[in-house]
$ cat my_file20.txt   # compact mmCIF, C-alpha atoms
# COMPACT_ATOMS: atom_id res chain seq x y z
CA MET A 1 5.14 7.02 11.91
CA ALA A 2 8.66 6.15 10.88
CA GLU A 3 10.24 9.03 9.06
CA HIS A 4 12.27 8.81 5.87
CA THR A 5 14.63 11.76 6.04
CA ASP A 6 17.29 10.68 3.58
CA THR A 7 17.25 11.47 -0.10
CA PRO A 8 17.05 8.43 -2.36
CA GLY A 9 20.31 6.61 -1.89
CA SER A 10 19.76 3.64 -4.17
CA GLY A 11 18.64 5.55 -7.23
CA HIS A 12 15.72 3.14 -7.53
CA PRO A 13 12.78 4.81 -9.31
CA ILE A 14 10.21 3.68 -6.71
CA GLU A 15 12.28 5.15 -3.88
CA ALA A 16 12.75 8.40 -5.81
CA LEU A 17 9.02 8.59 -6.61
CA LEU A 18 7.99 8.09 -2.99
CA CYS A 19 10.53 10.62 -1.70
CA SER A 20 9.29 13.15 -4.25
CA LEU A 21 5.65 12.44 -3.38
CA LEU A 22 6.39 12.81 0.32
CA ALA A 23 8.15 16.13 -0.27
CA ASP A 24 5.21 17.35 -2.36
CA LEU A 25 2.75 16.27 0.33
CA GLN A 26 4.76 18.10 2.97
CA GLY A 27 4.64 21.17 0.76
CA ALA A 28 0.85 21.01 0.70
CA VAL A 29 0.43 20.86 4.49
CA ASP A 30 -0.65 24.48 4.77
CA VAL A 31 -2.43 24.85 1.43
CA PRO A 32 -6.00 25.84 2.34
CA THR A 33 -8.95 23.84 1.05
CA TRP A 34 -11.52 26.57 1.63
CA SER A 35 -10.92 27.93 -1.86
CA MET A 36 -11.96 24.69 -3.59
CA ASP A 37 -15.43 24.69 -5.11
CA GLU A 38 -17.75 21.67 -5.20
CA LYS A 39 -16.39 20.23 -8.45
CA THR A 40 -12.76 20.68 -7.45
CA THR A 41 -13.39 19.17 -4.02
CA THR A 42 -15.07 16.15 -5.58
CA ARG A 43 -12.20 15.67 -8.03
CA VAL A 44 -9.57 16.08 -5.28
CA VAL A 45 -11.24 13.51 -3.03
CA GLY A 46 -11.38 11.05 -5.94
CA LEU A 47 -7.77 11.72 -6.92
CA ALA A 48 -6.60 11.30 -3.34
CA ALA A 49 -8.35 7.91 -3.17
CA ARG A 50 -6.67 6.80 -6.41
CA VAL A 51 -3.25 7.94 -5.21
CA ALA A 52 -3.78 6.15 -1.88
CA ALA A 53 -4.60 2.92 -3.75
CA GLY A 54 -1.48 3.24 -5.89
CA VAL A 55 0.69 3.87 -2.86
CA ALA A 56 -0.88 0.87 -1.08
CA GLU A 57 0.04 -1.31 -4.04
CA LEU A 58 3.63 -0.03 -4.06
CA GLU A 59 3.82 -0.71 -0.35
CA ALA A 60 2.44 -4.22 -0.86
CA ARG A 61 5.02 -5.01 -3.53
CA SER A 62 7.76 -3.65 -1.30
CA ILE A 63 6.53 -5.80 1.60
CA ASN A 64 6.75 -8.84 -0.67
CA GLN A 65 10.30 -7.85 -1.57
CA ALA A 66 11.11 -7.55 2.14
CA GLU A 67 9.91 -11.14 2.56
CA THR A 68 11.97 -12.26 -0.43
CA LEU A 69 15.04 -10.67 1.18
CA ASP A 70 14.02 -12.15 4.57
CA LEU A 71 14.21 -8.73 6.20
CA PRO A 72 11.87 -9.85 9.00
CA GLY A 73 14.21 -12.74 9.81
CA VAL A 74 17.32 -10.56 9.59
CA ALA A 75 15.69 -8.12 12.02
CA GLY A 76 14.81 -10.96 14.39
CA CYS A 77 11.07 -10.55 13.90
CA ARG A 78 8.86 -13.62 14.08
CA ASN A 79 6.76 -12.53 11.09
CA THR A 80 6.30 -9.84 8.48
CA ALA A 81 3.60 -8.03 10.42
CA ARG A 82 5.92 -7.65 13.40
CA TRP A 83 8.66 -6.36 11.10
CA LEU A 84 6.21 -3.81 9.65
CA ARG A 85 5.29 -2.63 13.16
CA VAL A 86 8.95 -2.12 14.03
CA THR A 87 9.87 -0.58 10.68
CA THR A 88 6.92 1.76 10.19
CA GLY A 89 5.46 2.29 13.65
CA VAL A 90 1.94 1.24 12.63
CA THR A 91 -0.30 -0.72 14.97
CA GLY A 92 -0.29 -4.49 14.97
CA ARG A 93 -3.72 -4.56 13.36
CA THR A 94 -2.61 -2.28 10.54
CA ALA A 95 0.62 -4.22 10.08
CA ARG A 96 -1.30 -7.51 9.79
CA ALA A 97 -3.67 -5.95 7.24
CA LYS A 98 -0.76 -4.63 5.16
CA ALA A 99 1.02 -8.00 5.24
CA LYS A 100 -2.20 -9.76 4.25
CA LEU A 101 -2.77 -7.37 1.33
CA ALA A 102 0.79 -7.88 0.14
CA LYS A 103 0.34 -11.64 0.17
CA GLY A 104 -3.03 -11.40 -1.57
CA LEU A 105 -1.86 -9.10 -4.34
CA ALA A 106 1.25 -11.18 -5.04
CA ASP A 107 -0.79 -13.88 -6.76
CA LEU A 108 -3.44 -11.73 -8.44
CA GLU A 109 -1.77 -9.72 -11.19
CA PRO A 110 -4.94 -8.13 -12.65
CA THR A 111 -6.06 -7.04 -9.18
CA ARG A 112 -2.58 -5.78 -8.34
CA THR A 113 -2.35 -3.68 -11.49
CA ALA A 114 -5.89 -2.31 -11.04
CA THR A 115 -4.91 -1.25 -7.51
CA ALA A 116 -1.67 0.29 -8.76
CA ARG A 117 -3.59 2.34 -11.31
CA GLY A 118 -6.05 3.49 -8.65
CA GLU A 119 -8.96 1.75 -10.33
CA ILE A 120 -9.85 -0.18 -7.18
CA HIS A 121 -9.09 0.56 -3.55
CA ALA A 122 -6.82 -1.55 -1.36
CA GLU A 123 -9.84 -2.71 0.63
CA GLN A 124 -11.53 -3.91 -2.55
CA ALA A 125 -8.35 -5.69 -3.61
CA GLN A 126 -8.26 -7.46 -0.24
CA VAL A 127 -11.86 -8.63 -0.65
CA ILE A 128 -11.01 -10.01 -4.09
CA ALA A 129 -7.94 -11.78 -2.69
CA ASP A 130 -9.97 -13.22 0.20
CA HIS A 131 -12.64 -14.55 -2.14
CA MET A 132 -10.10 -15.98 -4.57
CA GLY A 133 -8.52 -17.76 -1.61
CA LEU A 134 -11.90 -19.23 -0.69
CA LEU A 135 -12.38 -20.43 -4.27
CA GLU A 136 -8.94 -22.05 -4.20
CA ASP A 137 -9.74 -23.75 -0.89
CA GLU A 138 -13.04 -25.01 -2.31
CA LYS A 139 -11.29 -26.26 -5.44
CA VAL A 140 -8.70 -28.18 -3.37
CA SER A 141 -11.33 -29.79 -1.13
CA THR A 142 -13.44 -31.10 -4.03
$ encode --input "my_file20.txt" --output "C-alpha cells"
Amino acid sequence: MAEHTDTPGSGHPIEALLCSLLADLQGAVDVPTWSMDEKTTTRVVGLAARVAAGVAELEARSINQAETLDLPGVAGCRNTARWLRVTTGVTGRTARAKAKLAKGLADLEPTRTATARGEIHAEQAQVIADHMGLLEDEKVST
C-alpha cells in the first residue's frame, strides 16, 4: 500500500482528518482485543464497518476530484483505475471497483451521504448505483 508519511501540507480538513485517523489506527496496532466482551466486540465490529463506509465515500469523492483535475492524464495513465493502481498500490480489480464506486456515487447524493454517514456499506452503495444505471438505461431505450 502506498504510504502517506507527510503531515497535512494543504491544511484541507479531509487531509487532516485522514492523517489523524491513520495515526490513531497505527496507535491501535498492538491494542489487544482479548479483553473485549461480547457486547463490546459486537459494537466494535459495527463501528468499524461504519467507519470503513465513511472512508470509502471520502475516497470516492477524492477519486472524482482527481478526475476533475485530470490527475490520471497528467500522470500519463490511460484511465482512473490505472492511476489508482499506480497511486495506491491496489490491484487492478480493486482499482476498477473504487473508480466505479466513485462514478456511481457522484450522481446519487442520497446514497453518497448515507455511505458517508456509515448507514450503508460501499458494496450496498455500488448495488444501488448499478441498479439506478439500469433504470436510466431502460428509461432511455423506451
$ atom_distance --input "my_file20.txt" --atom1 "atom CA of A:Glu15" --atom2 "atom CA of A:Ala102"
17.8 Å
$ closest_residue --input "my_file20.txt" --among "A:Asp107, A:Arg43, A:Leu84, A:Arg112" --to "A:Glu136" --atoms "all atoms listed in the file"
A:Asp107
$ atom_distance --input "my_file20.txt" --atom1 "atom CA of A:Lys103" --atom2 "atom CA of A:His131"
13.5 Å
$ closest_atom_pairs --input "my_file20.txt" --of "stretch 107-126 of chain A" --to "stretch 52-66 of chain A" --cutoff "6 Å" --atoms "all atoms listed in the file" --output "tab-separated table"
residue	atom	partner	partner_atom	distance
A:Thr115	CA	A:Ala53	CA	5.6
A:Ala116	CA	A:Gly54	CA	4.1
A:Arg117	CA	A:Gly54	CA	5.9
A:Gly118	CA	A:Ala53	CA	5.1
A:His121	CA	A:Ala53	CA	5.1
A:Ala122	CA	A:Ala53	CA	5.5
$ residues_around --input "my_file20.txt" --residues "stretch 80-83 of chain A" --least-positions-apart "2" --cutoff "6 Å" --atoms "all atoms listed in the file" --output "ChimeraX atom specification"
/A:72,77,85-87,95-96,99
$ write_last_selection --input "my_file20.txt" --atoms "C-alpha atoms" --output "PDB file, keeping the file's coordinate frame"
ATOM      1  CA  PRO A  72      11.870  -9.850   9.000  1.00  0.00           C
ATOM      2  CA  CYS A  77      11.070 -10.550  13.900  1.00  0.00           C
ATOM      3  CA  ARG A  85       5.290  -2.630  13.160  1.00  0.00           C
ATOM      4  CA  VAL A  86       8.950  -2.120  14.030  1.00  0.00           C
ATOM      5  CA  THR A  87       9.870  -0.580  10.680  1.00  0.00           C
ATOM      6  CA  ALA A  95       0.620  -4.220  10.080  1.00  0.00           C
ATOM      7  CA  ARG A  96      -1.300  -7.510   9.790  1.00  0.00           C
ATOM      8  CA  ALA A  99       1.020  -8.000   5.240  1.00  0.00           C
TER       9      ALA A  99
END
$ decode --input "my_file20.txt" --residues "stretch 127-138 of chain A" --atoms "all heavy atoms" --output "short mmCIF file (atom, residue, chain, number, x, y, z; two decimals), in the first residue's frame"
data_model
loop_
_atom_site.label_atom_id
_atom_site.label_comp_id
_atom_site.auth_asym_id
_atom_site.auth_seq_id
_atom_site.Cartn_x
_atom_site.Cartn_y
_atom_site.Cartn_z
N VAL A 127 -24.34 -1.38 -5.45
CA VAL A 127 -25.53 -2.07 -5.97
C VAL A 127 -26.62 -1.06 -6.32
O VAL A 127 -27.25 -1.15 -7.38
CB VAL A 127 -26.04 -3.12 -4.95
CG1 VAL A 127 -27.42 -3.65 -5.35
CG2 VAL A 127 -25.04 -4.26 -4.81
N ILE A 128 -26.81 -0.08 -5.46
CA ILE A 128 -27.80 0.98 -5.74
C ILE A 128 -27.42 1.72 -7.02
O ILE A 128 -28.26 1.93 -7.90
CB ILE A 128 -27.92 1.94 -4.55
CG1 ILE A 128 -28.54 1.22 -3.35
CG2 ILE A 128 -28.73 3.18 -4.93
CD1 ILE A 128 -28.42 1.97 -2.04
N ALA A 129 -26.15 2.09 -7.14
CA ALA A 129 -25.69 2.81 -8.34
C ALA A 129 -25.88 1.96 -9.59
O ALA A 129 -26.33 2.47 -10.63
CB ALA A 129 -24.23 3.22 -8.18
N ASP A 130 -25.55 0.68 -9.50
CA ASP A 130 -25.72 -0.21 -10.65
C ASP A 130 -27.18 -0.28 -11.07
O ASP A 130 -27.50 -0.21 -12.27
CB ASP A 130 -25.22 -1.63 -10.33
CG ASP A 130 -23.71 -1.70 -10.21
OD1 ASP A 130 -23.00 -0.75 -10.60
OD2 ASP A 130 -23.23 -2.74 -9.68
N HIS A 131 -28.07 -0.43 -10.10
CA HIS A 131 -29.49 -0.54 -10.43
C HIS A 131 -30.06 0.78 -10.94
O HIS A 131 -30.92 0.78 -11.82
CB HIS A 131 -30.28 -1.09 -9.24
CG HIS A 131 -30.13 -2.57 -9.10
ND1 HIS A 131 -29.05 -3.14 -8.47
CD2 HIS A 131 -30.88 -3.59 -9.55
CE1 HIS A 131 -29.15 -4.46 -8.53
NE2 HIS A 131 -30.25 -4.76 -9.18
N MET A 132 -29.61 1.88 -10.41
CA MET A 132 -30.06 3.17 -10.92
C MET A 132 -29.59 3.34 -12.36
O MET A 132 -30.32 3.87 -13.20
CB MET A 132 -29.54 4.31 -10.04
CG MET A 132 -30.17 4.34 -8.65
SD MET A 132 -31.96 4.48 -8.66
CE MET A 132 -32.17 6.13 -9.29
N GLY A 133 -28.39 2.88 -12.66
CA GLY A 133 -27.89 2.92 -14.03
C GLY A 133 -28.75 2.08 -14.96
O GLY A 133 -29.04 2.50 -16.09
N LEU A 134 -29.18 0.92 -14.50
CA LEU A 134 -30.07 0.08 -15.31
C LEU A 134 -31.40 0.77 -15.55
O LEU A 134 -31.95 0.70 -16.66
CB LEU A 134 -30.29 -1.27 -14.62
CG LEU A 134 -29.10 -2.21 -14.56
CD1 LEU A 134 -29.42 -3.43 -13.70
CD2 LEU A 134 -28.67 -2.64 -15.96
N LEU A 135 -31.92 1.43 -14.53
CA LEU A 135 -33.19 2.15 -14.69
C LEU A 135 -33.04 3.29 -15.70
O LEU A 135 -33.92 3.52 -16.53
CB LEU A 135 -33.66 2.71 -13.35
CG LEU A 135 -34.19 1.69 -12.35
CD1 LEU A 135 -34.46 2.36 -11.01
CD2 LEU A 135 -35.44 1.00 -12.89
N GLU A 136 -31.91 3.99 -15.64
CA GLU A 136 -31.65 5.07 -16.60
C GLU A 136 -31.55 4.52 -18.02
O GLU A 136 -32.09 5.10 -18.95
CB GLU A 136 -30.39 5.83 -16.23
CG GLU A 136 -30.54 6.75 -15.04
CD GLU A 136 -31.56 7.85 -15.29
OE1 GLU A 136 -31.56 8.45 -16.38
OE2 GLU A 136 -32.37 8.10 -14.38
N ASP A 137 -30.86 3.38 -18.17
CA ASP A 137 -30.73 2.76 -19.49
C ASP A 137 -32.10 2.35 -20.02
O ASP A 137 -32.39 2.53 -21.20
CB ASP A 137 -29.82 1.53 -19.43
CG ASP A 137 -28.37 1.89 -19.18
OD1 ASP A 137 -28.01 3.09 -19.31
OD2 ASP A 137 -27.57 0.97 -18.85
N GLU A 138 -32.94 1.81 -19.14
CA GLU A 138 -34.28 1.38 -19.53
C GLU A 138 -35.12 2.59 -19.93
O GLU A 138 -35.88 2.56 -20.90
CB GLU A 138 -34.94 0.62 -18.38
CG GLU A 138 -36.24 -0.03 -18.74
CD GLU A 138 -36.76 -0.87 -17.59
OE1 GLU A 138 -36.05 -1.82 -17.20
OE2 GLU A 138 -37.87 -0.57 -17.11
#
